[in-house]
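Chemist: Sending over a structure as structure tokens; questions will come in a sec.
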Amino acid sequence: QLAALQTQFSQNVLKEVNDSAFVLESREELAGLPEKAIAAAAVEARKRGLDGKFVIPVTNTTQQAPLAVLSNRATREKLLTTSMIRGTRGNEFDNRNVVLQLARLRAERAELLGYENYAAYSLEDQTAKDTASVNKLLGDLTAPALRNAKKEAAEIQAVIDAEKGGFQLAAYDWSMYSDKVRTAKYAFDANQLK
């Protein structure tokens, strides 16, 4: 059952990525996107029978590459939302029930083999060996990571405020404005590198 569910989960993820797309009605919504990417979005829309529209395929990550360049904030928000709801749209590729079944079966397997939980079972032959070690490592990393994220957020908010953005930083703003911070601090432009 576990093998079948894991295969189903992977296939659903792939099919959902192929099925998911961010559809835009106008060129203005794509402001900031390079001209080649806009042309590719128009071609993708035509392939899907959506002539006159634009389609940005959603990749298999939460953070979509166009988030770093789209200047229309509403478009960035919609793109991130589209990305985040993959696998939970209630369609034939919805993985919520598959994940619940996997968790239940993994817990049952661990119990049958004499482990406290699935984490303990899966860690036995790993470097960490046990959940206490993993939790300690995560605990040690949490405070510095949080400090760093807060510092980055403050730097990004300062750029937003300097540009008279008039809004508080949100997840869909992060990629675009962190690139601006890097450019300002280090004279580094990731787009030139690409």
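Simple scheme: letters A, B, ... for chains in structure tokens order, numbers from 1 for residues in each chain, numbers from 1 for ligands in the order shown.
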Go through segment 3-151 of chain A and collect every residue that DSSP, computed from the backbone, puts in strand (DSSP E); the answer should be as a PyMOL selection string.

Modeler: chain A and resi 21-24+54-57

Chemist: Next, dump the selected residues to file, keeping only N, CA and C atoms, as a compact mmCIF listing (two decimals), in the first residue's frame.

Modeler:
```
# COMPACT_ATOMS: atom_id res chain seq x y z
N ALA A 21 -1.41 26.13 -14.17
CA ALA A 21 -0.91 27.24 -14.98
C ALA A 21 -1.50 28.52 -14.43
N PHE A 22 -0.74 29.57 -14.57
CA PHE A 22 -1.17 30.88 -14.13
C PHE A 22 -1.61 31.64 -15.38
N VAL A 23 -2.90 31.89 -15.48
CA VAL A 23 -3.47 32.53 -16.67
C VAL A 23 -3.67 34.01 -16.40
N LEU A 24 -3.16 34.82 -17.32
CA LEU A 24 -3.29 36.28 -17.21
C LEU A 24 -4.05 36.80 -18.41
N PHE A 54 -2.27 35.08 -21.62
CA PHE A 54 -0.89 34.72 -21.34
C PHE A 54 -0.91 33.64 -20.26
N VAL A 55 -0.04 32.63 -20.41
CA VAL A 55 0.02 31.55 -19.43
C VAL A 55 1.46 31.36 -18.98
N ILE A 56 1.64 31.40 -17.68
CA ILE A 56 2.93 31.07 -17.08
C ILE A 56 2.77 29.71 -16.43
N PRO A 57 3.47 28.69 -16.97
CA PRO A 57 3.39 27.37 -16.33
C PRO A 57 3.93 27.46 -14.90
```

Chemist: Quick one: DSSP alpha helix (DSSP H) residues in segment 47-142 of chain A, as number ranges by chain?

Modeler: A: 47, 73-84, 96-112, 118-123, 131-142

Chemist: Go ahead and save the picked residues with N, CA and C atoms, as a CSV table (one decimal), in the first residue's frame.

Modeler:
```csv
chain,number,residue,atom,x,y,z
A,47,LYS,N,-1.2,27.5,-27.1
A,47,LYS,CA,-1.2,26.0,-27.1
A,47,LYS,C,-2.3,25.4,-26.3
A,73,ARG,N,2.2,43.9,-8.2
A,73,ARG,CA,2.1,43.2,-7.0
A,73,ARG,C,1.0,42.2,-6.9
A,74,ALA,N,-0.2,42.6,-7.5
A,74,ALA,CA,-1.3,41.7,-7.5
A,74,ALA,C,-1.0,40.5,-8.3
A,75,THR,N,-0.3,40.6,-9.4
A,75,THR,CA,0.1,39.5,-10.2
A,75,THR,C,1.0,38.6,-9.4
A,76,ARG,N,2.0,39.1,-8.7
A,76,ARG,CA,2.9,38.3,-7.8
A,76,ARG,C,2.1,37.5,-6.8
A,77,GLU,N,1.1,38.2,-6.2
A,77,GLU,CA,0.3,37.5,-5.2
A,77,GLU,C,-0.5,36.4,-5.8
A,78,LYS,N,-1.1,36.6,-6.9
A,78,LYS,CA,-1.9,35.5,-7.6
A,78,LYS,C,-1.0,34.4,-8.0
A,79,LEU,N,0.2,34.7,-8.5
A,79,LEU,CA,1.1,33.6,-8.9
A,79,LEU,C,1.6,32.8,-7.8
A,80,LEU,N,1.9,33.4,-6.7
A,80,LEU,CA,2.3,32.6,-5.5
A,80,LEU,C,1.1,31.8,-5.0
A,81,THR,N,0.0,32.4,-4.9
A,81,THR,CA,-1.2,31.6,-4.5
A,81,THR,C,-1.5,30.4,-5.4
A,82,THR,N,-1.4,30.6,-6.7
A,82,THR,CA,-1.6,29.5,-7.6
A,82,THR,C,-0.6,28.4,-7.4
A,83,SER,N,0.7,28.8,-7.1
A,83,SER,CA,1.7,27.8,-6.8
A,83,SER,C,1.5,27.1,-5.5
A,84,MET,N,1.0,27.8,-4.5
A,84,MET,CA,0.8,27.2,-3.2
A,84,MET,C,-0.4,26.2,-3.1
A,96,ARG,N,-4.2,15.5,-0.9
A,96,ARG,CA,-4.4,15.6,0.5
A,96,ARG,C,-4.8,14.2,1.1
A,97,ASN,N,-5.7,13.5,0.5
A,97,ASN,CA,-6.1,12.2,1.0
A,97,ASN,C,-4.9,11.2,0.9
A,98,VAL,N,-4.1,11.3,-0.1
A,98,VAL,CA,-3.0,10.4,-0.3
A,98,VAL,C,-2.0,10.7,0.8
A,99,VAL,N,-1.7,11.9,1.2
A,99,VAL,CA,-0.8,12.2,2.3
A,99,VAL,C,-1.3,11.7,3.6
A,100,LEU,N,-2.6,11.9,3.8
A,100,LEU,CA,-3.2,11.3,5.1
A,100,LEU,C,-3.0,9.8,5.2
A,101,GLN,N,-3.3,9.1,4.1
A,101,GLN,CA,-3.2,7.7,4.1
A,101,GLN,C,-1.7,7.3,4.3
A,102,LEU,N,-0.8,8.0,3.6
A,102,LEU,CA,0.6,7.7,3.8
A,102,LEU,C,1.1,7.9,5.2
A,103,ALA,N,0.7,9.0,5.8
A,103,ALA,CA,1.0,9.2,7.2
A,103,ALA,C,0.5,8.1,8.1
A,104,ARG,N,-0.8,7.7,7.9
A,104,ARG,CA,-1.4,6.7,8.8
A,104,ARG,C,-0.6,5.3,8.6
A,105,LEU,N,-0.4,5.0,7.4
A,105,LEU,CA,0.3,3.7,7.1
A,105,LEU,C,1.8,3.7,7.6
A,106,ARG,N,2.4,4.9,7.5
A,106,ARG,CA,3.8,5.0,8.0
A,106,ARG,C,3.8,4.8,9.5
A,107,ALA,N,2.9,5.5,10.2
A,107,ALA,CA,2.8,5.3,11.6
A,107,ALA,C,2.5,3.9,12.0
A,108,GLU,N,1.6,3.2,11.3
A,108,GLU,CA,1.3,1.8,11.6
A,108,GLU,C,2.5,0.9,11.4
A,109,ARG,N,3.2,1.2,10.3
A,109,ARG,CA,4.5,0.4,10.0
A,109,ARG,C,5.5,0.6,11.1
A,110,ALA,N,5.7,1.8,11.6
A,110,ALA,CA,6.7,2.1,12.6
A,110,ALA,C,6.2,1.3,13.9
A,111,GLU,N,5.0,1.4,14.2
A,111,GLU,CA,4.5,0.7,15.4
A,111,GLU,C,4.7,-0.8,15.3
A,112,LEU,N,4.3,-1.4,14.2
A,112,LEU,CA,4.5,-2.8,14.0
A,112,LEU,C,6.0,-3.2,14.2
A,118,TYR,N,7.1,7.2,13.1
A,118,TYR,CA,7.7,7.0,11.8
A,118,TYR,C,9.1,7.7,11.7
A,119,ALA,N,9.2,8.9,12.3
A,119,ALA,CA,10.4,9.6,12.4
A,119,ALA,C,11.5,8.8,13.0
A,120,ALA,N,11.2,8.1,14.1
A,120,ALA,CA,12.2,7.3,14.8
A,120,ALA,C,12.6,6.1,13.9
A,121,TYR,N,11.7,5.5,13.2
A,121,TYR,CA,12.0,4.4,12.2
A,121,TYR,C,12.9,4.9,11.1
A,122,SER,N,12.5,6.0,10.5
A,122,SER,CA,13.2,6.5,9.3
A,122,SER,C,14.6,7.0,9.7
A,123,LEU,N,14.9,7.5,10.9
A,123,LEU,CA,16.1,8.0,11.3
A,123,LEU,C,17.2,7.0,11.7
A,131,THR,N,15.2,11.1,16.8
A,131,THR,CA,14.5,12.4,16.8
A,131,THR,C,15.0,13.4,17.7
A,132,ALA,N,15.6,13.0,18.8
A,132,ALA,CA,16.1,14.0,19.7
A,132,ALA,C,17.3,14.8,19.1
A,133,SER,N,18.1,14.1,18.3
A,133,SER,CA,19.2,14.8,17.6
A,133,SER,C,18.7,15.7,16.6
A,134,VAL,N,17.7,15.3,15.8
A,134,VAL,CA,17.1,16.2,14.8
A,134,VAL,C,16.5,17.4,15.4
A,135,ASN,N,15.7,17.2,16.5
A,135,ASN,CA,15.1,18.3,17.2
A,135,ASN,C,16.1,19.3,17.8
A,136,LYS,N,17.2,18.8,18.3
A,136,LYS,CA,18.3,19.6,18.8
A,136,LYS,C,18.9,20.5,17.7
A,137,LEU,N,19.2,19.8,16.6
A,137,LEU,CA,19.8,20.5,15.4
A,137,LEU,C,18.8,21.6,14.9
A,138,LEU,N,17.5,21.3,14.8
A,138,LEU,CA,16.6,22.3,14.4
A,138,LEU,C,16.4,23.4,15.4
A,139,GLY,N,16.5,23.0,16.7
A,139,GLY,CA,16.4,24.1,17.7
A,139,GLY,C,17.6,25.0,17.7
A,140,ASP,N,18.8,24.4,17.4
A,140,ASP,CA,20.0,25.2,17.3
A,140,ASP,C,20.0,26.2,16.1
A,141,LEU,N,19.3,25.7,15.0
A,141,LEU,CA,19.3,26.5,13.8
A,141,LEU,C,18.1,27.6,13.8
A,142,THR,N,17.1,27.3,14.6
A,142,THR,CA,15.9,28.2,14.5
A,142,THR,C,16.2,29.6,14.9
```

Chemist: List the spatial neighbours of Leu169 of chain A as a ChimeraX atom specification - criterion: any atom at most 10 Å away, only C-alpha atoms, same-chain residues fewer than 2 positions off excluded.

Modeler: /A:153-154,156-158,160-161,165-167,171-174,177

Chemist: Could you please determine the separation between atom CA of Glu152 of chain A and atom CA of Ala37 of chain A in Å, to one decimal place?

Modeler: 28.5 Å

Chemist: Between A:Leu30, A:Val17, A:Ala184, A:Ile38, which is the closest to Thr62 of chain A once you count only C-alpha atoms?

Modeler: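 Result for the nearest residue to Thr62 of chain A: A:Val17.
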
Chemist: Can you tell me how far atom CA of Thr61 of chain A sits from atom CA of Ala170 of chain A, in Å to one decimal?

Modeler: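 These atoms are spaced 17.8 Å apart.
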
Chemist: Measure the distance from atom CA of Gly114 of chain A to atom CA of Leu5 of chain A in Å and round it to one decimal.

Modeler: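 The value is 22.6 Å.
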
Chemist: Identify which of the residues A:Ala145, A:Phe93, A:Leu70, A:Asp179 lies closest to Ala31 of chain A, counting only C-alpha atoms when measuring atom-to-atom distances.

Modeler: A:Leu70
